[in-house]
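So this block is start.cif, mmCIF, C-alpha atoms:
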data_run
#
loop_
_atom_site.label_atom_id
_atom_site.label_comp_id
_atom_site.auth_asym_id
_atom_site.auth_seq_id
_atom_site.Cartn_x
_atom_site.Cartn_y
_atom_site.Cartn_z
CA MET A 1 0.00 0.00 0.00
CA SER A 2 2.76 2.48 0.76
CA ASN A 3 6.32 3.10 -0.34
CA ARG A 4 7.93 2.72 3.03
CA ARG A 5 11.66 2.79 3.64
CA LYS A 6 13.49 -0.07 1.96
CA GLY A 7 16.77 -0.31 3.85
CA LYS A 8 18.02 -3.31 5.75
CA ILE A 9 16.76 -2.10 9.12
CA ALA A 10 13.46 -0.96 7.63
CA SER A 11 12.97 -4.47 6.28
CA LEU A 12 13.22 -6.10 9.70
CA THR A 13 10.15 -7.45 11.42
CA PHE A 14 8.21 -5.05 13.63
CA GLU A 15 9.54 -6.70 16.75
CA LEU A 16 13.20 -6.55 15.72
CA ARG A 17 12.90 -3.05 14.33
CA THR A 18 11.31 -1.85 17.56
CA LYS A 19 14.06 -3.49 19.54
CA VAL A 20 16.75 -1.80 17.41
CA ASN A 21 15.06 1.57 17.83
CA THR A 22 14.80 1.06 21.56
CA MET A 23 18.47 0.15 21.76
CA LEU A 24 19.40 3.28 19.84
CA ARG A 25 17.25 5.36 22.14
CA ASP A 26 19.04 3.82 25.10
CA GLY A 27 22.43 4.77 23.63
CA VAL A 28 23.56 1.24 22.89
CA LYS A 29 26.66 1.09 20.68
CA TYR A 30 26.20 0.25 17.04
CA SER A 31 28.44 -2.81 17.40
CA ALA A 32 26.15 -4.15 20.12
CA VAL A 33 23.12 -3.57 17.91
CA ILE A 34 24.77 -5.56 15.13
CA LYS A 35 25.62 -8.39 17.54
CA PHE A 36 22.03 -8.44 18.76
CA LEU A 37 20.75 -8.74 15.22
CA GLU A 38 23.20 -11.51 14.43
CA LYS A 39 21.93 -13.42 17.46
CA ASN A 40 18.52 -13.12 15.83
CA ASP A 41 19.78 -14.49 12.52
CA VAL A 42 20.07 -11.11 10.81
CA PHE A 43 23.44 -10.88 9.11
CA GLY A 44 25.21 -8.58 6.71
CA LEU A 45 24.72 -5.30 8.54
CA ASN A 46 27.54 -2.88 9.21
CA GLU A 47 27.85 0.30 11.22
CA GLN A 48 27.08 2.43 8.18
CA ASN A 49 23.67 0.69 7.91
CA ILE A 50 23.00 1.55 11.54
CA THR A 51 24.19 5.13 11.02
CA ASN A 52 21.90 5.60 8.03
CA TRP A 53 18.94 4.24 9.99
CA HIS A 54 19.81 6.36 13.01
CA GLN A 55 19.73 9.50 10.89
CA GLY A 56 16.58 8.57 9.02
CA GLY A 57 14.05 5.97 10.02
CA TYR A 58 14.98 6.09 13.69
CA GLN A 59 14.34 9.84 13.86
CA GLU A 60 10.89 9.36 12.34
CA TRP A 61 10.19 6.57 14.83
CA LEU A 62 11.33 8.73 17.73
CA LYS A 63 9.04 11.59 16.78
CA GLU A 64 6.12 9.22 16.38
CA GLN A 65 6.82 7.59 19.75
CA GLU A 66 6.62 10.97 21.41
CA ARG A 67 3.28 11.65 19.78
CA LEU A 68 1.99 8.19 20.66
CA ALA A 69 3.10 8.57 24.27
CA ASP A 70 1.26 11.88 24.52
CA MET A 71 -1.88 10.36 22.99
CA GLN A 72 -1.72 7.39 25.33
CA ALA A 73 -1.40 9.62 28.37
CA LYS A 74 -4.43 11.65 27.37
CA ARG A 75 -6.43 8.54 26.50
CA GLU A 76 -5.70 6.95 29.87
CA PHE A 77 -6.44 10.19 31.67
CA ALA A 78 -9.81 10.45 29.90
CA PHE A 79 -10.69 6.88 30.89
CA GLU A 80 -9.51 7.51 34.45
CA ILE A 81 -11.83 10.48 34.73
CA VAL A 82 -14.82 8.57 33.44
CA ARG A 83 -14.19 5.32 35.34
CA SER A 84 -13.41 6.93 38.67
CA ASN A 85 -16.68 8.77 38.62
CA GLU A 86 -19.46 6.24 38.44
CA GLY A 87 -18.11 4.88 35.20
CA SER A 88 -18.90 1.39 36.34
CA LYS A 89 -22.58 2.23 35.98
CA LEU A 90 -22.17 3.12 32.35
CA HIS A 91 -22.76 0.93 29.38
CA GLU A 92 -19.44 0.26 27.69
CA ALA A 93 -20.48 2.21 24.59
CA ASN A 94 -21.30 5.29 26.67
CA LEU A 95 -18.05 4.96 28.58
CA HIS A 96 -16.13 5.03 25.30
CA LEU A 97 -18.22 7.92 24.06
CA ALA A 98 -17.57 9.92 27.21
CA ALA A 99 -13.86 9.11 27.14
CA SER A 100 -13.66 10.06 23.46
CA GLN A 101 -15.25 13.42 24.18
CA LEU A 102 -12.92 14.08 27.09
CA TYR A 103 -9.95 13.02 24.99
CA GLU A 104 -10.79 15.76 22.49
CA VAL A 105 -10.85 18.34 25.28
CA LEU A 106 -7.50 17.10 26.55
CA THR A 107 -5.84 17.23 23.12
CA ASP A 108 -5.90 21.01 23.41
CA PHE A 109 -3.74 20.93 26.48
CA ASP A 110 -0.26 19.99 27.49
CA LEU A 111 -1.43 17.37 29.91
CA GLN A 112 1.62 17.49 32.11
CA ASP A 113 1.31 21.26 32.51
CA LEU A 114 -2.29 20.81 33.57
CA LYS A 115 -1.42 18.10 36.08
CA ASP A 116 1.53 20.07 37.45
CA LEU A 117 -0.66 23.11 37.86
CA LEU A 118 -3.23 21.20 39.83
CA LYS A 119 -1.08 18.77 41.80
CA ASP A 120 -0.62 21.17 44.68
CA GLU A 121 -4.33 21.87 44.77
CA PRO A 122 -5.92 18.43 44.94
CA GLU A 123 -9.27 19.76 46.09
CA ASN A 124 -9.59 21.75 42.86
CA TYR A 125 -8.38 18.86 40.74
CA ALA A 126 -11.05 16.63 42.22
CA ALA A 127 -13.74 19.28 41.80
CA ILE A 128 -12.94 19.88 38.14
CA ILE A 129 -12.55 16.20 37.37
CA ASN A 130 -15.80 15.37 39.14
CA SER A 131 -17.58 18.05 37.18
CA LEU A 132 -16.27 16.70 33.90
CA ALA A 133 -17.06 13.14 34.89
CA LYS A 134 -20.62 13.95 35.83
CA LEU A 135 -21.10 14.56 32.13
CA SER A 136 -21.13 10.80 31.68
CA LYS A 137 -23.43 9.98 34.56
CA GLY A 138 -26.63 7.99 34.10
CA HIS A 139 -28.67 8.84 30.99
CA LEU A 140 -26.15 10.47 28.71
CA ASP A 141 -27.60 13.42 26.88
CA LEU A 142 -25.18 13.75 24.03
CA ARG A 143 -26.06 17.28 22.97
CA LYS A 144 -26.02 18.63 26.50
CA TYR A 145 -22.76 16.80 27.09
CA GLN A 146 -21.09 18.25 23.99
CA ASP A 147 -22.27 21.72 24.87
CA ALA A 148 -21.06 21.41 28.47
CA VAL A 149 -17.67 20.10 27.38
CA ALA A 150 -17.27 22.95 24.92
CA LYS A 151 -18.17 25.51 27.55
CA ALA A 152 -15.96 23.88 30.15
CA GLN A 153 -13.14 23.95 27.62
CA VAL A 154 -13.53 27.70 27.33
CA GLU A 155 -13.18 28.01 31.09
CA LEU A 156 -10.22 25.65 31.18
CA GLN A 157 -8.44 27.70 28.49
CA LYS A 158 -7.28 29.87 31.37
CA LEU A 159 -5.20 26.99 32.61
CA ARG A 160 -3.14 26.83 29.42
CA ASP A 161 -0.72 29.33 30.81
CA PRO A 162 1.30 27.21 33.24
CA LYS A 163 2.65 30.30 34.91
CA GLN A 164 -0.75 31.65 35.66
CA LYS A 165 -1.82 31.18 39.24
CA LEU A 166 -5.43 30.52 39.86
CA SER A 167 -7.02 32.81 42.33
CA ASP A 168 -9.64 31.46 44.70
CA THR A 169 -12.17 33.38 42.65
CA ASP A 170 -10.96 31.75 39.42
CA ARG A 171 -11.13 28.25 40.83
CA LEU A 172 -14.55 28.73 42.27
CA ALA A 173 -15.77 30.31 39.04
CA ILE A 174 -14.60 27.34 36.95
CA VAL A 175 -16.21 24.76 39.23
CA GLU A 176 -19.42 26.73 39.57
CA LYS A 177 -19.63 27.33 35.85
CA VAL A 178 -19.34 23.67 35.00
CA ASP A 179 -21.83 22.70 37.71
CA GLU A 180 -24.22 25.36 36.43
CA ILE A 181 -23.92 24.08 32.89
CA LEU A 182 -24.68 20.58 34.06
CA GLY A 183 -27.64 21.68 36.12
CA ILE A 184 -26.06 20.35 39.29
CA LYS A 185 -26.66 23.58 41.13
CA MET B 1 5.77 7.75 -0.15
CA SER B 2 2.86 9.15 -2.16
CA ARG B 3 0.64 11.85 -0.69
CA PRO B 4 -2.33 9.51 -0.13
CA ASP B 5 0.05 7.11 1.62
CA GLU B 6 1.33 9.89 3.87
CA ILE B 7 -2.22 10.87 4.78
CA ARG B 8 -3.18 7.26 5.50
CA LYS B 9 -0.14 6.90 7.75
CA GLU B 10 -1.06 10.04 9.68
CA ILE B 11 -4.66 8.88 10.11
CA LEU B 12 -3.57 5.45 11.28
CA LEU B 13 -1.02 6.94 13.66
CA GLN B 14 -3.61 9.17 15.32
CA LEU B 15 -6.21 6.43 15.65
CA TYR B 16 -3.59 3.89 16.74
CA GLY B 17 -2.44 6.30 19.42
CA CYS B 18 -5.86 6.88 20.93
CA ARG B 19 -7.35 3.39 20.45
CA PRO B 20 -9.99 2.30 21.27
CA LEU B 21 -11.37 5.82 21.28
CA THR B 22 -13.05 7.34 18.24
CA ARG B 23 -12.21 10.52 16.40
CA ALA B 24 -13.96 12.60 13.78
CA ALA B 25 -12.40 13.70 10.50
CA ASP B 26 -12.18 17.34 11.50
CA ARG B 27 -10.27 16.47 14.67
CA ILE B 28 -7.82 14.30 12.75
CA HIS B 29 -7.39 17.12 10.26
CA ARG B 30 -6.82 19.64 13.05
CA ASP B 31 -4.12 17.56 14.70
CA ALA B 32 -2.40 16.82 11.41
CA LYS B 33 -2.28 20.55 10.80
CA LYS B 34 -0.74 21.06 14.24
CA GLU B 35 2.03 18.67 13.21
CA GLY B 36 2.73 20.81 10.17
CA TYR B 37 0.95 18.80 7.50
CA ASP B 38 -1.03 20.62 4.79
CA TYR B 39 -3.64 17.93 4.17
CA SER B 40 -7.12 19.28 3.48
CA LEU B 41 -10.19 18.04 5.31
CA PHE B 42 -11.44 16.64 2.02
CA GLU B 43 -8.28 14.59 1.60
CA ILE B 44 -8.53 13.32 5.15
CA LYS B 45 -12.12 12.24 4.59
CA GLN B 46 -11.20 10.53 1.32
CA GLU B 47 -8.50 8.46 2.99
CA LEU B 48 -10.71 7.69 5.98
CA THR B 49 -13.20 6.19 3.55
CA PHE B 50 -10.44 4.25 1.81
CA LEU B 51 -9.07 2.85 5.06
CA SER B 52 -12.56 1.92 6.23
CA ASP B 53 -13.26 0.12 2.97
CA GLU B 54 -9.96 -1.72 3.42
CA GLY B 55 -11.16 -2.95 6.81
CA LEU B 56 -8.47 -1.08 8.74
CA LEU B 57 -10.86 1.37 10.39
CA ILE B 58 -14.41 1.16 11.72
CA ARG B 59 -16.80 3.94 10.82
CA ILE B 60 -19.40 4.72 13.47
CA THR B 61 -22.29 7.16 13.31
CA GLU B 62 -22.69 9.01 16.59
CA PRO B 63 -26.08 8.33 18.20
CA GLY B 64 -28.57 11.13 17.70
CA THR B 65 -26.53 12.67 14.89
CA THR B 66 -25.40 11.95 11.35
CA ALA B 67 -21.79 12.67 12.24
CA ALA B 68 -19.26 9.92 11.55
CA VAL B 69 -16.38 9.02 13.81
CA TYR B 70 -13.69 6.46 13.27
CA ARG B 71 -11.90 3.88 15.36
CA ILE B 72 -8.97 1.70 14.36
CA HIS B 73 -9.75 -1.95 13.70
CA ALA B 74 -7.48 -4.79 14.88
CA ASN B 75 -6.41 -5.18 11.25
CA GLY B 76 -5.48 -1.50 11.27
CA VAL B 77 -3.38 -1.99 14.38
CA ARG B 78 -1.47 -4.84 12.76
CA HIS B 79 -1.12 -2.91 9.53
CA TYR B 80 0.22 0.19 11.30
CA GLU B 81 2.74 -1.81 13.31
CA GLU B 82 3.99 -3.77 10.32
CA LYS B 83 4.14 -0.87 7.89
CA TYR B 84 5.14 2.04 10.04
CA GLY B 85 6.08 0.84 13.48
#
Represent the supplied structure as structure tokens.
Amino acid sequence: MSNRRKGKIASLTFELRTKVNTMLRDGVKYSAVIKFLEKNDVFGLNEQNITNWHQGGYQEWLKEQERLADMQAKREFAFEIVRSNEGSKLHEANLHLAASQLYEVLTDFDLQDLKDLLKDEPENYAAIINSLAKLSKGHLDLRKYQDAVAKAQVELQKLRDPKQKLSDTDRLAIVEKVDEILGIK
Amino acid sequence: MSRPDEIRKEILLQLYGCRPLTRAADRIHRDAKKEGYDYSLFEIKQELTFLSDEGLLIRITEPGTTAAVYRIHANGVRHYEEKYG
């Protein structure tokens, strides 16, 4: 289907290629990489082959791994939010729907910045997470949910500046706004 | 790699990364743009249809709407790992 790279390393199986990339990421010497491959019945490679891969395919892999790691973190965070807040009462389809919606909100943020900002204020973290998670509670109204997420996202935009300190007024306003949108208060 | 192949790779990467969650075409397009790609939404949708027809993605219509979202199929996971991993 595609014209992928055709070099010797690129032609390895997924498992071996991943292992080679991992070794390069860990700073393993090229000679050791070659020995590893020979132990796995891959012969005929030299250090120039490894160098070429390191400068090309490995760099692409590295960039993609960073993206995948970021996506995974946000995906798991979205599921954590939904499951830890009455998610067990949800039908699996609704759980995925809720997590998918939350994932889209999270893709706008640097997740680590958000967590760092809130880690010293656990009471606010819990309040915001609970508010978001209540979106998936019981009978899921999709339109109301989408609207509430969008509005909550506007409020959470303030948190994008990691240097910005939340005042007590800001924190209360965010929590109250989300609760108001959801009809909780 | 041809342009359609590049777009398919980007789509598969995004859906592989967030599996088993679903994403809509406009979100995939938005994130591809963030990464510096100049794919149009039309192109993204074309390749989403192609990949779905190939059995690598699952197309789902969101309840209560006509909007389509996509999730990677197990075949898509294998394909991504073998081709691009």
**Request:** Residues of chain B near chain A: apply a cut-off of 7 Å, count all atoms listed in the file, and supply the list as an MDAnalysis selection string.
**Result:** chainID B and resid 1 5 17:18 21:22 81:82 85
Atoms to include: C-alpha atoms. Write the selected residues as a PDB file, keeping the file's coordinate frame.
ATOM      1  CA  MET B   1       5.770   7.750  -0.150  1.00  0.00           C
ATOM      2  CA  ASP B   5       0.050   7.110   1.620  1.00  0.00           C
ATOM      3  CA  GLY B  17      -2.440   6.300  19.420  1.00  0.00           C
ATOM      4  CA  CYS B  18      -5.860   6.880  20.930  1.00  0.00           C
ATOM      5  CA  LEU B  21     -11.370   5.820  21.280  1.00  0.00           C
ATOM      6  CA  THR B  22     -13.050   7.340  18.240  1.00  0.00           C
ATOM      7  CA  GLU B  81       2.740  -1.810  13.310  1.00  0.00           C
ATOM      8  CA  GLU B  82       3.990  -3.770  10.320  1.00  0.00           C
ATOM      9  CA  GLY B  85       6.080   0.840  13.480  1.00  0.00           C
TER      10      GLY B  85
END
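Each of A:Leu106, A:Leu172, A:Leu62, A:Val20 was checked against Ile50 of chain A using only C-alpha atoms; the smallest atom-to-atom distance is that of A:Val20.
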**Target residues per the PyMOL selection byres ((chain B and resi 32-39) around 10), formatted as a ChimeraX atom specification** = /A:67 /B:3-4,6-7,10-11,14,26-31,40-44
**Request:** Check which residues satisfy the PyMOL selection byres ((chain B and resi 57) around 8) in the file shown, then give them as a list in words.
**Result:**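 Listing what the PyMOL selection byres ((chain B and resi 57) around 8) selects in the shown file: Leu48, Leu51, Ser52, Asp53, Glu54, Gly55, Leu56, Ile58, Arg59, Tyr70, Arg71, Ile72, His73, Asn75 and Gly76 of chain B.
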**Prompt:** For this file, the PyMOL selection byres ((chain B and resi 68) around 9) selects which residues, as a list of chain:residue names?
**Reply:**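 In the shown coordinates, the PyMOL selection byres ((chain B and resi 68) around 9) covers B:Arg23, B:Ala24, B:Ala25, B:Arg59, B:Ile60, B:Thr61, B:Glu62, B:Thr65, B:Thr66, B:Ala67, B:Val69, B:Tyr70.
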**Item:** Option closest in space to Leu102 of chain A, from A:Asp26, A:Asp41, A:Glu80, A:Glu176 [counting only C-alpha atoms]
**Value:** A:Glu80
Size and centre in Å, one decimal, axis-aligned box, all listed segment 66-74 of chain B atoms plus 6 Å per side, as lines of an AutoDock Vina configuration file:
center_x = -16.4
center_y = 3.9
center_z = 13.4
size_x = 29.9
size_y = 29.5
size_z = 16.0
**Prompt:** Looking at A:Val105, A:Ile9, A:Val82, A:Ala173, which one is nearest to Asn52 of chain A, with distances taken over all atoms listed in the file?
**Reply:**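 Nearest candidate to Asn52 of chain A out of A:Val105, A:Ile9, A:Val82, A:Ala173: A:Ile9.
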**Request:** Compare A:Lys6, A:Gly44, A:Glu92, A:Ser84 by their minimum atom-to-atom distance to Pro20 of chain B, counting only C-alpha atoms, and give me the closest one.
**Result:**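 Selected residue with least distance to Pro20 of chain B: A:Glu92.
Counting from atom CA of Tyr16 of chain B, the distance to atom CA of Leu24 of chain A is 23.2 Å.
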